[in-house]
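J.: Okay, handing you the structure first.
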There are 4 protein chains.
Amino acid sequence: MPVHFIDSVFHSRFFSPRARRIWDDRTTLQRILDVEAVLAQAQADLNLIPHDAALEIKRKARLELFDVERISAEIAFMHHPLVPILEQFESLCDDGAGGYLHWGATTQNIFDIATVLQLRETHAALLEHLSAIRGALTRLIETHRDTLMAGRTHGQHALPMTFGFKLAAWLDELERAQTRLEQAATRAFVVTFGGAIGTLASLGDAGLRVQARVAQILELAAADVPVRTAYDRFAEYVAALGLFGAAFEKIAQEIVFMQRTEIGEAEEPFHFGKVGSSTMPQKRNPTRCLDVIGVSRLLRGNVGVILENTVSADEGDASSGIAVDALIGSSAVYAMSIAEIMHTVLDGLIVHPSVMRRNLEASGGLILAESVMMTLAQHLGRQEAHHVVYQAAMQSVENGSSFRDAVLAHPLTQGKLDRATLEAALEPQRYLGTAHEAIDQALSSARPSEVVPRENANTSVAK
Amino acid sequence: MPVHFIDSVFHSRFFSPRARRIWDDRTTLQRILDVEAVLAQAQADLNLIPHDAALEIKRKARLELFDVERISAEIAFMHHPLVPILEQFESLCDDGAGGYLHWGATTQNIFDIATVLQLRETHAALLEHLSAIRGALTRLIETHRDTLMAGRTHGQHALPMTFGFKLAAWLDELERAQTRLEQAATRAFVVTFGGAIGTLASLGDAGLRVQARVAQILELAAADVPVRTAYDRFAEYVAALGLFGAAFEKIAQEIVFMQRTEIGEAEEPFHFGKVGSSTMPQKRNPTRCLDVIGVSRLLRGNVGVILENTVSADEGDASSGIAVDALIGSSAVYAMSIAEIMHTVLDGLIVHPSVMRRNLEASGGLILAESVMMTLAQHLGRQEAHHVVYQAAMQSVENGSSFRDAVLAHPLTQGKLDRATLEAALEPQRYLGTAHEAIDQALSSARPSEVVPRENANTSVAK
Amino acid sequence: MPVHFIDSVFHSRFFSPRARRIWDDRTTLQRILDVEAVLAQAQADLNLIPHDAALEIKRKARLELFDVERISAEIAFMHHPLVPILEQFESLCDDGAGGYLHWGATTQNIFDIATVLQLRETHAALLEHLSAIRGALTRLIETHRDTLMAGRTHGQHALPMTFGFKLAAWLDELERAQTRLEQAATRAFVVTFGGAIGTLASLGDAGLRVQARVAQILELAAADVPVRTAYDRFAEYVAALGLFGAAFEKIAQEIVFMQRTEIGEAEEPFHFGKVGSSTMPQKRNPTRCLDVIGVSRLLRGNVGVILENTVSADEGDASSGIAVDALIGSSAVYAMSIAEIMHTVLDGLIVHPSVMRRNLEASGGLILAESVMMTLAQHLGRQEAHHVVYQAAMQSVENGSSFRDAVLAHPLTQGKLDRATLEAALEPQRYLGTAHEAIDQALSSARPSEVVPRENANTSVAK
Amino acid sequence: MPVHFIDSVFHSRFFSPRARRIWDDRTTLQRILDVEAVLAQAQADLNLIPHDAALEIKRKARLELFDVERISAEIAFMHHPLVPILEQFESLCDDGAGGYLHWGATTQNIFDIATVLQLRETHAALLEHLSAIRGALTRLIETHRDTLMAGRTHGQHALPMTFGFKLAAWLDELERAQTRLEQAATRAFVVTFGGAIGTLASLGDAGLRVQARVAQILELAAADVPVRTAYDRFAEYVAALGLFGAAFEKIAQEIVFMQRTEIGEAEEPFHFGKVGSSTMPQKRNPTRCLDVIGVSRLLRGNVGVILENTVSADEGDASSGIAVDALIGSSAVYAMSIAEIMHTVLDGLIVHPSVMRRNLEASGGLILAESVMMTLAQHLGRQEAHHVVYQAAMQSVENGSSFRDAVLAHPLTQGKLDRATLEAALEPQRYLGTAHEAIDQALSSARPSEVVPRENANTSVAK
């Protein structure tokens with residue numbers, strides 16, 4: 001039975017089934033077989049081994065021909081992750097083709113290339129999710145371009161804005177997250193096939209040509225200096241995953257806050273029948289967002305460790321290799337799970353514009369103190385105006401009295417501010433600055449969303 | 001001019017002046033002089049050097065006799081942190097006493113013992129703050145033992161409780177934080193005087209006796225095996241500081257939330273005239289709590305790095321030493337600053353019981369759904385009761401209708417629940433479980449607060 | 001098929017089978033059943049539920065009665081980790097006993113107590129390993145008390161010492177690691193049974209009595225304030241595991257270095273037939289030590305993340321809970337695996353005293369430069385003596401000439417140093433300072449090793 | 001007096017003076033003045049404030065006109081980092097120009113843009129160092145293209161290679177480090193001028209035009225959505241710095257190893273008179289490399305913390321801001337110091353080809369076991385050949401006997417391998433695979449080194 005959180009029956013519900021399919025042992029085994037087959041093909045193309053052998057190897061490189069149970073037992077017994085696979089593989093191959101298997105290769109070469117293939121699939125899935133999420137955010141932005149809400153800083157109401165503006169900042173950060181992933185991919189998704197120390201001496205003078213051909217077949221770049229200790233490639237990609245996860249973690253935190261009982265401005269998708277607690281029937285917990293936050297913390301934690309392991313020794317260093325292998329797979333699963341959950345959450349986000357409006361107005365105009373100050377500043381100067389508005393604001397907070405009245409009653413505003421002018425300064429939609437222009441900039445800078453909206457997409461605006 | 005956040009004129013306001021006094025270069029220099037003087041005294045006590053020399057060394061071991069500017073310039077020039085000090089020290093000593101200075105010692109020995117002395121002062125300051133904070137929390141708990149408020153889980157109202165119960169959990173965690181610091185101190189505050197590799201060969205067979213005497217004079221324990229690479233001692237203490245900081249960070253986060261514009265249940269101390277923003281006059285930001293959170297993150301970050309550096313090489317490893325030296329001082333300053341700020345915040349915490357009550361009641365009884373369910377369970381069984389209350393709760397949330405009415409109108413409650421019974425189940429003070437007993441347990445397990453309350457202590461309960 | 005490194009067939013060979021037995025899903029399930037049974041017993045003892053019901057619950061709390069496959073499928077479907085178990089449990093119980101199952105409890109209560117039980121088993125295993133390792137180290141120290149070797153600092157030969165002295169420093173650090181674990185255990189191994197928010201309102205006024213009785217039955221302490229967010233308890237224990245792992249990581253790094261082809265002073269156990277590489281037949285890699293280093297880095301990485309998650313919100317916070325759950329199990333498995341491997345490594349450590357001696361002498365006496373300097377200092381003063389020896393040493397390094405000759409030929413040594421005196425100063429066993437006393441101190445401070453040496457214990461000293 | 005390691009007189013020698021000049025308080029202040037002046041200019045260009053006012057502001061934006069002592073004291077007193085500066089600035093400006101200072105801005109806007117300017121200077125310095133280091137590495141590679149040495153994996157001799165090949169892998173990784181920094185810079189070096197919440201409401205509808213003009217004057221990009229909480233920009237750059245530092249840390253670790261007393265293959269620059277230890281005159285420590293390792297660990301530690309702080313709240317969050325501000329400056333200083341030191345180290349690296357050769361041969365041909373196996377495989381098949389060579393190798397290791405003799409004496413090699421063929425298989429220069437092609441690839445992929453070699457560049461090859 002499994003032990004780790006990712007595999008445990010108690011916890012694996014947090015994790016993307018698609019990510020599991022890319023990274024579980026069966027797929028890993030298939031990718032290893034794929035790499036061995038491609039290696040044979042490349043060597044046949046270069047006339048290093050017979051073509052028939054390469055074809056036979058390719059024919060037998062199919063997971064369903066292998067006895068996974070036995071491999072599993074033998075790996076545990078032999079303490080080697082590849083030899084039992086190669087032995088079975090060899091015996092499956094007819095006509096002596098097995099003798100050409102794994103020609104000149106070292107275990108880590110095969111595992112590293114297989115990992116790159118799995119990462120490439122992960123990457124594609126992440127981009128799909130990002131594209132769909134972009135679609136969801138774009139729809140939300142269009143709907144809530146003018147939905148007024150409180151802008152907050154340091155935990156306090158600051159100035160009015162629109163929900164669309166907040167969404168535009170999310171969209172903007174996700175664009176950067178995607179570019180970062182794509183750029184890291186150009187360095188991480190590389191064929192490194194250098195044998196024991198990177199010189200591929202076992203292949204004589206053919207080493208780098210074999211590597212180049214393998215890369216070509218797999219449609220990947222090839223390493224200039226194929227050393228085993230260039231862990232910065234994977235580390236950078238994991239760091240980019242960490243920033244990717246953190247971007248969603250921030251969004252999830254915002255939704256958790258907006259869903260707070262006292263705030264009530266937005267909610268993650270809910271369906272009648274979803275139970276928040278077996279003992280507290282009223283609970284509508286932001287479960288999915290909390291999942292994202294927890295998983296993102298695990299993902300961010302991986303970044304520091306993989307960075308440490310880029311400081312590896314000599315031409316090969318198993319201590320770094322162990323840690324890196326453990327961190328790549330889990331980071332990929334964490335990132336895909338975050339993307340998958342947030343895709344669902346943003347697709348079905350429930351927004352309550354009327355509550356946003358109510359919260360915005362709850363402070364009786366205090367959130368527009370700057371606007372009042374700017375209006376008064378024309379008569380009193382900015383400094384004096386700040387003084388007046390500060391006094392009125394603090395008085396209203398301490399006594400629970402009306403901010404409007406306190407401003408109008410202040411000795412220094414007499415004859416300089418009438419109620420109509422004050423009310424105009426207190427209209428939030430007149431104090432949005434360039435929020436709409438920023439929204440337009442975000443939308444026009446965003447990549448197009450290429451994915452067809454999911455059928456159950458449901459950006460409901462609650463009544 | 002300084003560069004680092006801790007020393008910069010722009011940022012040093014975050015940091016405890018007392019911590020700066022313990023850890024700045026002048027005090028560090030004085031502690032180095034102290035250790036050299038104690039070393040001489042110990043060696044004189046053991047008749048290894050003349051008594052007069054030790055007395056003369058002690059006499060001159062005073063910061064004000066040294067030209068700190070020159071030392072500073074020479075350290076930069078010679079790239080050695082101690083030799084310039086020793087040279088000046090030697091020339092200050094009359095009658096050849098300077099020749100007995102630093103007898104048999106290695107630079108790291110002196111620096112490590114000086115660091116232990118600074119850490120011991122830091123520790124004492126932290127315990128003082130903890131004692132005072134305990135006093136403040138105890139007063140708050142007594143005041144708010146019965147102050148009703150919403151208990152929340154996963155960002156949602158869960159069950160009623162009292163503010164005193166929340167405070168008791170804070171007190172309980174701080175007790176553990178203190179015990180942890182005290183236990184780590186027994187391993188960290190140790191004299192390690194082993195010379196270049198721990199054998200003190202330069203002192204012949206007297207090495208460990210000198211170490212023992214130095215330790216005795218300083219009222220510290222002595223290392224059994226005085227190797228330079230036992231960085232686990234400091235690392236453990238820094239880890240305990242990390243948990244100490246995190247305990248306050250959690251409290252600070254709770255205050256930031258309770259001070260949220262929409263929540264308004266509590267506030268960090270405020271005085272008329274304190275300005276939250278130069279442009280938004282209404283702002284009452286939880287500035288001090290946000291400082292604590294930011295600084296605690298820096299402190300927690302130090303933990304992982306110092307842990308890595310316990311994996312040092314051989315009998316001495318400057319790469320670990322550099323990192324550890326950088327991390328201890330900053331960790332101490334961070335921790336003391338956190339304690340100092342939270343001392344002020346908790347001493348003057350502003351609490352709004354009426355707002356707590358208002359928030360508790362805002363959901364129209366939904367927070368007592370479990371209580372209603374338990375009441376109904378006597379007639380319907382627990383499962384059916386959950387079903388009924390869930391339906392009523394969701395209906396009330398979706399329609400904004402009354403939870404009470406929905407329960408009473410439900411077909412399955414007919415004849416089984418009258419309004420009076422329902423109202424009784426909805427009284428929060430009847431559904432507090434053993435909150436008060438837990439408060440009593442926390443108070444009786446807590447260490448006594450030995451510190452006289454500060455004059456400006458001001459646990460105001462706002463009207 | 002599994003995904004994570006810990007469970008993968010490719011990698012799980014790194015991990016302790018015993019740890020897997022404590023932490024895999026089957027044992028986790030059994031511990032959950034155990035806790036439910038103890039809860040029922042405690043409530044029966046307090047007359048809150050019928051005694052017969054508690055007995056029946058206990059009777060059925062056996063893993064083999066449960067359909068684990070179905071539970072697994074239902075957890076995935078229902079997205080709840082406990083409800084499917086409770087449903088099956090209930091249907092197993094006769095005479096209505098199932099109705100008293102999980103009385104007043106919240107899911108996290110049960111999981112947290114089950115985790116404490118698993119941690120307690122882990123802790124016991126760690127102490128067993130430490131005891132045995134202490135035995136192995138003690139035997140090694142006794143054997144190598146006088147085995148001369150080079151002490152090194154900053155990667156360079158520094159002074160002579162004995163291998164026993166190095167081992168004594170390892171022993172000393174492991175003693176601290178154990179004390180730290182034991183002290184953390186007193187705070188981490190605690191029953192926290194507080195219901196949804198810690199008040200246990202669902203049990204009326206019996207909450208804390210139930211908790212106390214559960215704790216008594218399990219021979220554990222009970223929490224004073226049983227809140228769900230006191231994650232500092234587990235975090236401290238994981239931090240202690242991090243320091244525990246790092247202590248072994250340091251030892252492993254030293255063995256990897258001593259086993260370096262050019263150094264050859266010691267080796268981890270080897271048996272004829274063990275293959276280092278399928279392609280390089282000569283390889284005798286320090287595989288087990290490299291495993292320990294890699295796994296320890298993963299373990300240390302967990303520390304920072306769990307620390308972050310102690311900053312949880314309100315009375316319950318699933319985002320912290322997810323991360324903490326993931327980190328405890330993996331940390332335990334990592335730590336036990338490290339202990340198990342290092343137990344084997346130290347039990348069978350191969351030591352080459354003659355190579356240690358050869359390396360010590362390889363620099364032609366340079367490693368005793370301090371000793372020569374001290375001898376000369378009696379005639380020239382310390383400063384002049386350093387000057388002379390420095391010149392002779394650098395000359396010998398640059399020209400590859402004899403250090404002895406260079407010293408004797410130096411103008412300033414003429415008439416002050418004869419060859420016999422020089423040779424005496426160059427005898428390493430005369431320049432060991434208090435190395436032996438430190439060894440004795442370490443041995444007498446160490447806990448006794450209570451474990452019978454393993455049959456295959458084999459502290460071989462190679463010829 | 002300063003407290004932090006970066007500023008302390010005891011430790012600041014580790015750090016780049018140039019980095020200090022970019023990041024110390026005086027420069028920070030000048031950059032703040034610069035940003036205020038550019039803001040005024042931009043607003044004048046857009047006819048929002050009078051041109052004369054902008055000119056006067058620019059005229060007075062010079063550090064030497066300010067009383068830094070007083071600013072420093074006032075910041076400490078007022079607890080605000082900018083207001084004291086603005087007050088002095090205003091009073092310096094004639095003709096009422098001061099009234100147009102800081103128009104519509106928020107403190108964080110100014111600080112963030114100033115930080116970008118400092119980061120841009122840092123970035124330029126890093127690229128300069130990289131270019132020079134590329135030059136040094138290229139010269140070293142050309143010199144040591146054919147210098148034979150042992151390739152090592154898992155701490156053991158593996159296969160022969162050349163030192164040039166190792167250097168080519170370093171060059172290759174540094175190229176990636178540079179690209180990463182450059183790509184991160186495109187996202188990090190951006191003008192974010194959004195006022196309190198990003199809408200710049202205080203500037204009416206001119207907000208984004210002002211931001212665009214400021215960006216244009218500073219030759220930077222402008223943020224699409226200028227929110228204050230887009231900390232991913234800085235975090236990514238710091239992560240790139242972490243990988244940059246780690247690349248050098250790995251190189252430094254390799255040099256420390258190669259300089260080990262027993263290895264002696266290379267050394268960091270040394271000059272007669274450099275003292276390694278005041279008590280051990282023979283010491284030639286790899287001091288600079290150890291500095292790099294220690295500082296790189298501090299830098300890597302910053303990455304995790306800044307990542308955590310990208311998860312900031314709402315439209316502004318001082319808790320993240322504090323941590324980010326502290327981490328950027330120190331990360332920049334750490335990275336520049338690493339680059340500066342490694343520039344010196346690689347420029348003057350001392351290489352001992354003869355020792356490399358001696359170490360390569362020390363194992364009596366074992367390092368070419370694969371080559372022997374491949375030769376035998378033609379007669380015996382690969383599996384049998386491995387068997388034979390393994391037996392001969394282990395026998396030679398255990399008995400200290402000759403590997404050559406053991407191979408030739410093995411029953412299975414009789415009649416199949418003569419001594420001449422064996423000796424040919426044992427010639428390291430015949431078993432280098434595609435090492436030279438990889439070197440060529442690295443050289444041709446590397447950017448050109450544009451920097452004139454430093455005068456004291458001194459890639460000495462010791463005799």
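Identifiers in the structure tokens: chain A, B, ... in order shown; residue index from 1 per chain; ligand index from 1 in order shown.
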Taking only C-alpha atoms into account and nothing else, which residues of chain C lie no more than 7 Å away from chain A? Please answer as a PyMOL selection string.
T.: chain C and resi 1-10+13+20+23-26+72+75-76+79+81+290-291+293-295+297-298+301+305+318-320+322-323+326+329-330
J.: With N, CA, C and O atoms retained, could you export that selection as a compact mmCIF listing (two decimals), in the first residue's frame?
T.:
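Final output, saved to part.txt:
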# COMPACT_ATOMS: atom_id res chain seq x y z
N MET C 1 -1.15 2.74 -10.22
CA MET C 1 0.29 2.65 -9.92
C MET C 1 0.74 3.93 -9.21
O MET C 1 0.23 5.00 -9.48
N PRO C 2 1.70 3.80 -8.35
CA PRO C 2 2.14 4.97 -7.58
C PRO C 2 2.88 5.98 -8.45
O PRO C 2 3.37 5.68 -9.53
N VAL C 3 2.98 7.18 -7.91
CA VAL C 3 3.60 8.30 -8.59
C VAL C 3 4.82 8.79 -7.82
O VAL C 3 5.87 9.02 -8.39
N HIS C 4 4.65 8.94 -6.52
CA HIS C 4 5.70 9.60 -5.75
C HIS C 4 6.91 8.69 -5.55
O HIS C 4 6.80 7.48 -5.41
N PHE C 5 8.07 9.33 -5.54
CA PHE C 5 9.35 8.71 -5.27
C PHE C 5 9.30 7.68 -4.13
O PHE C 5 9.90 6.61 -4.23
N ILE C 6 8.61 8.02 -3.06
CA ILE C 6 8.57 7.12 -1.91
C ILE C 6 7.88 5.81 -2.25
O ILE C 6 8.21 4.76 -1.71
N ASP C 7 6.91 5.85 -3.15
CA ASP C 7 6.12 4.66 -3.45
C ASP C 7 6.46 4.01 -4.78
O ASP C 7 6.08 2.86 -5.02
N SER C 8 7.17 4.73 -5.62
CA SER C 8 7.46 4.24 -6.96
C SER C 8 8.30 2.97 -6.92
O SER C 8 9.20 2.82 -6.10
N VAL C 9 8.01 2.04 -7.81
CA VAL C 9 8.82 0.82 -7.86
C VAL C 9 10.26 1.14 -8.25
O VAL C 9 11.18 0.40 -7.94
N PHE C 10 10.45 2.27 -8.92
CA PHE C 10 11.81 2.60 -9.35
C PHE C 10 12.68 3.11 -8.20
O PHE C 10 13.88 3.02 -8.23
N ARG C 13 13.30 1.53 -3.20
CA ARG C 13 14.39 0.81 -2.54
C ARG C 13 15.17 1.70 -1.58
O ARG C 13 15.87 1.21 -0.71
N ARG C 20 7.83 2.05 5.99
CA ARG C 20 6.67 1.86 5.13
C ARG C 20 5.56 1.12 5.89
O ARG C 20 4.38 1.43 5.73
N TRP C 23 3.72 3.57 8.08
CA TRP C 23 3.05 4.72 7.46
C TRP C 23 2.22 4.40 6.24
O TRP C 23 1.63 5.30 5.64
N ASP C 24 2.14 3.14 5.83
CA ASP C 24 1.36 2.91 4.60
C ASP C 24 -0.14 2.96 4.90
O ASP C 24 -0.58 3.01 6.05
N ASP C 25 -0.92 2.98 3.87
CA ASP C 25 -2.36 3.21 4.02
C ASP C 25 -3.03 2.17 4.92
O ASP C 25 -3.98 2.49 5.63
N ARG C 26 -2.56 0.93 4.85
CA ARG C 26 -3.20 -0.10 5.67
C ARG C 26 -3.00 0.20 7.16
O ARG C 26 -3.94 0.13 7.95
N SER C 72 -11.20 2.64 -0.63
CA SER C 72 -10.36 3.44 -1.50
C SER C 72 -11.17 4.06 -2.64
O SER C 72 -11.06 5.26 -2.93
N ILE C 75 -13.57 6.77 -1.18
CA ILE C 75 -12.91 8.03 -0.81
C ILE C 75 -12.68 8.87 -2.06
O ILE C 75 -12.94 10.08 -2.07
N ALA C 76 -12.22 8.22 -3.11
CA ALA C 76 -11.99 8.95 -4.36
C ALA C 76 -13.29 9.56 -4.88
O ALA C 76 -13.32 10.68 -5.38
N HIS C 79 -14.83 12.21 -2.08
CA HIS C 79 -13.92 13.30 -1.70
C HIS C 79 -13.92 13.55 -0.20
O HIS C 79 -13.80 14.69 0.24
N PRO C 81 -12.18 11.73 3.38
CA PRO C 81 -11.27 10.65 3.75
C PRO C 81 -11.78 9.74 4.86
O PRO C 81 -11.19 8.70 5.11
N LEU C 290 25.50 8.16 -0.30
CA LEU C 290 24.89 9.11 -1.24
C LEU C 290 23.37 9.08 -1.11
O LEU C 290 22.71 10.12 -1.20
N ASP C 291 22.81 7.90 -0.89
CA ASP C 291 21.37 7.81 -0.63
C ASP C 291 21.00 8.67 0.57
O ASP C 291 20.02 9.43 0.55
N ILE C 293 22.51 11.23 1.85
CA ILE C 293 22.64 12.66 1.59
C ILE C 293 21.43 13.16 0.80
O ILE C 293 20.81 14.17 1.16
N GLY C 294 21.08 12.43 -0.25
CA GLY C 294 19.93 12.85 -1.06
C GLY C 294 18.65 12.88 -0.24
O GLY C 294 17.87 13.84 -0.30
N VAL C 295 18.42 11.85 0.54
CA VAL C 295 17.18 11.77 1.33
C VAL C 295 17.17 12.84 2.42
O VAL C 295 16.14 13.45 2.71
N ARG C 297 18.45 15.76 2.27
CA ARG C 297 18.09 17.06 1.67
C ARG C 297 16.58 17.18 1.50
O ARG C 297 16.00 18.24 1.73
N LEU C 298 15.94 16.08 1.12
CA LEU C 298 14.48 16.11 1.02
C LEU C 298 13.87 16.37 2.40
O LEU C 298 12.91 17.13 2.53
N GLY C 301 14.31 19.88 3.51
CA GLY C 301 13.39 20.74 2.76
C GLY C 301 12.01 20.78 3.38
O GLY C 301 11.31 21.79 3.30
N VAL C 305 8.87 24.17 5.02
CA VAL C 305 7.47 24.19 4.59
C VAL C 305 6.53 23.98 5.78
O VAL C 305 5.50 24.64 5.90
N ALA C 318 -7.76 24.26 6.60
CA ALA C 318 -7.41 23.08 5.80
C ALA C 318 -6.14 23.31 4.97
O ALA C 318 -5.42 22.36 4.68
N SER C 319 -5.84 24.56 4.59
CA SER C 319 -4.65 24.76 3.75
C SER C 319 -3.40 24.35 4.52
O SER C 319 -2.49 23.73 3.96
N SER C 320 -3.34 24.68 5.80
CA SER C 320 -2.21 24.21 6.61
C SER C 320 -2.29 22.70 6.81
O SER C 320 -1.28 22.00 6.76
N ILE C 322 -3.47 20.27 4.99
CA ILE C 322 -3.02 19.48 3.83
C ILE C 322 -1.50 19.37 3.82
O ILE C 322 -0.93 18.28 3.73
N ALA C 323 -0.86 20.51 3.95
CA ALA C 323 0.60 20.53 3.86
C ALA C 323 1.22 19.75 5.01
O ALA C 323 2.16 18.96 4.83
N ALA C 326 0.95 16.03 4.55
CA ALA C 326 1.88 15.52 3.55
C ALA C 326 3.30 15.45 4.09
O ALA C 326 4.09 14.57 3.72
N GLY C 329 4.28 12.42 7.31
CA GLY C 329 4.54 11.05 6.88
C GLY C 329 5.84 10.93 6.12
O GLY C 329 6.67 10.05 6.38
N SER C 330 6.05 11.83 5.17
CA SER C 330 7.28 11.72 4.38
C SER C 330 8.51 11.98 5.25
O SER C 330 9.53 11.31 5.10
J.: Would you kindly return, as a ChimeraX atom specification, each protein, DNA or RNA residue with an atom no farther than 10 Å from any atom of Leu181 in chain D, considering only C-alpha atoms and excluding same-chain residues fewer than 2 positions away?
T.: /D:123,126-127,176-179,183-186,188,236-241,243-244
J.: Which residues in range 53-281 of chain C does DSSP call helix (DSSP H, G or I)? List them as a PyMOL selection string.
T.: chain C and resi 53-60+63-65+68-78+83-92+97-100+107-144+163-188+201-203+207-218+232-259
J.: Set the distance at 9 Å and use only C-alpha atoms: which residues neighbour Glu450 in chain C once local chain neighbours fewer than 2 positions away are removed? I'd like the list as a PyMOL selection string.
T.: chain C and resi 128+131-132+135+447-448+452
J.: Can you pull out the residues contacting Leu86 in chain B? Cut-off 10 Å, using only C-alpha atoms, and skip same-chain residues under 5 positions away; I want them as a ChimeraX atom specification.
T.: /B:33,36,71,81,91-92,98,101-102
J.: Between CA of Thr375 in chain D and CA of Gly415 in chain D, measure the distance and give it in Å to one decimal.
T.: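 Taking CA of Thr375 in chain D and CA of Gly415 in chain D, their separation equals 13.5 Å.
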J.: For Gln282 in chain C, which residue among D:Glu175, D:Glu268, D:Glu398, D:Glu423 is the nearest when counting only C-alpha atoms?
T.: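 Checking each candidate against Gln282 in chain C, we get D:Glu398 as the closest.
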J.: Using only C-alpha atoms, which residue out of B:Val311, B:Ala168, B:Leu203, B:Ala425 lies closest to Glu254 in chain C?
T.: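 Looking at the shortest contact to Glu254 in chain C, the residue is B:Val311.
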J.: Which polymer residues have any atom within 10 Å of an atom of Arg139 in chain A, counting only C-alpha atoms, with same-chain residues fewer than 4 positions away left out, as a PDB file with N, CA and C atoms, in the first residue's frame?
T.:
ATOM      1  N   ILE A 133      -8.214  28.960 -18.688  1.00  0.00           N
ATOM      2  CA  ILE A 133      -8.375  29.890 -17.573  1.00  0.00           C
ATOM      3  C   ILE A 133      -8.408  31.325 -18.103  1.00  0.00           C
ATOM      4  N   ARG A 134      -7.583  31.571 -19.099  1.00  0.00           N
ATOM      5  CA  ARG A 134      -7.613  32.882 -19.747  1.00  0.00           C
ATOM      6  C   ARG A 134      -9.007  33.163 -20.307  1.00  0.00           C
ATOM      7  N   GLY A 135      -9.576  32.142 -20.894  1.00  0.00           N
ATOM      8  CA  GLY A 135     -10.943  32.301 -21.397  1.00  0.00           C
ATOM      9  C   GLY A 135     -11.899  32.653 -20.275  1.00  0.00           C
ATOM     10  N   THR A 143     -17.699  40.702 -17.895  1.00  0.00           N
ATOM     11  CA  THR A 143     -18.910  40.826 -17.087  1.00  0.00           C
ATOM     12  C   THR A 143     -18.743  41.852 -15.968  1.00  0.00           C
ATOM     13  N   HIS A 144     -17.536  41.894 -15.391  1.00  0.00           N
ATOM     14  CA  HIS A 144     -17.377  42.706 -14.173  1.00  0.00           C
ATOM     15  C   HIS A 144     -16.488  43.918 -14.360  1.00  0.00           C
ATOM     16  N   ARG A 145     -16.394  44.342 -15.602  1.00  0.00           N
ATOM     17  CA  ARG A 145     -15.642  45.540 -15.923  1.00  0.00           C
ATOM     18  C   ARG A 145     -16.063  46.722 -15.059  1.00  0.00           C
ATOM     19  N   GLY A 164     -13.480  43.837 -12.174  1.00  0.00           N
ATOM     20  CA  GLY A 164     -12.753  43.595 -13.419  1.00  0.00           C
ATOM     21  C   GLY A 164     -11.290  43.993 -13.325  1.00  0.00           C
ATOM     22  N   ASP A 347     -13.787  28.901 -13.722  1.00  0.00           N
ATOM     23  CA  ASP A 347     -14.879  28.652 -14.658  1.00  0.00           C
ATOM     24  C   ASP A 347     -16.240  28.827 -13.995  1.00  0.00           C
ATOM     25  N   THR A 459     -20.117  30.981 -15.368  1.00  0.00           N
ATOM     26  CA  THR A 459     -19.665  32.142 -14.619  1.00  0.00           C
ATOM     27  C   THR A 459     -20.868  32.857 -14.038  1.00  0.00           C
TER      28      THR A 459
END
J.: Where in range 194-415 of chain B does DSSP assign strand (DSSP E or B), given as a list in words?
T.: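 Selection result, strand (DSSP E or B) within range 194-415 of chain B: Ala221, Ala222, Ala266, Glu267, Ile350 and Val351 of chain B.
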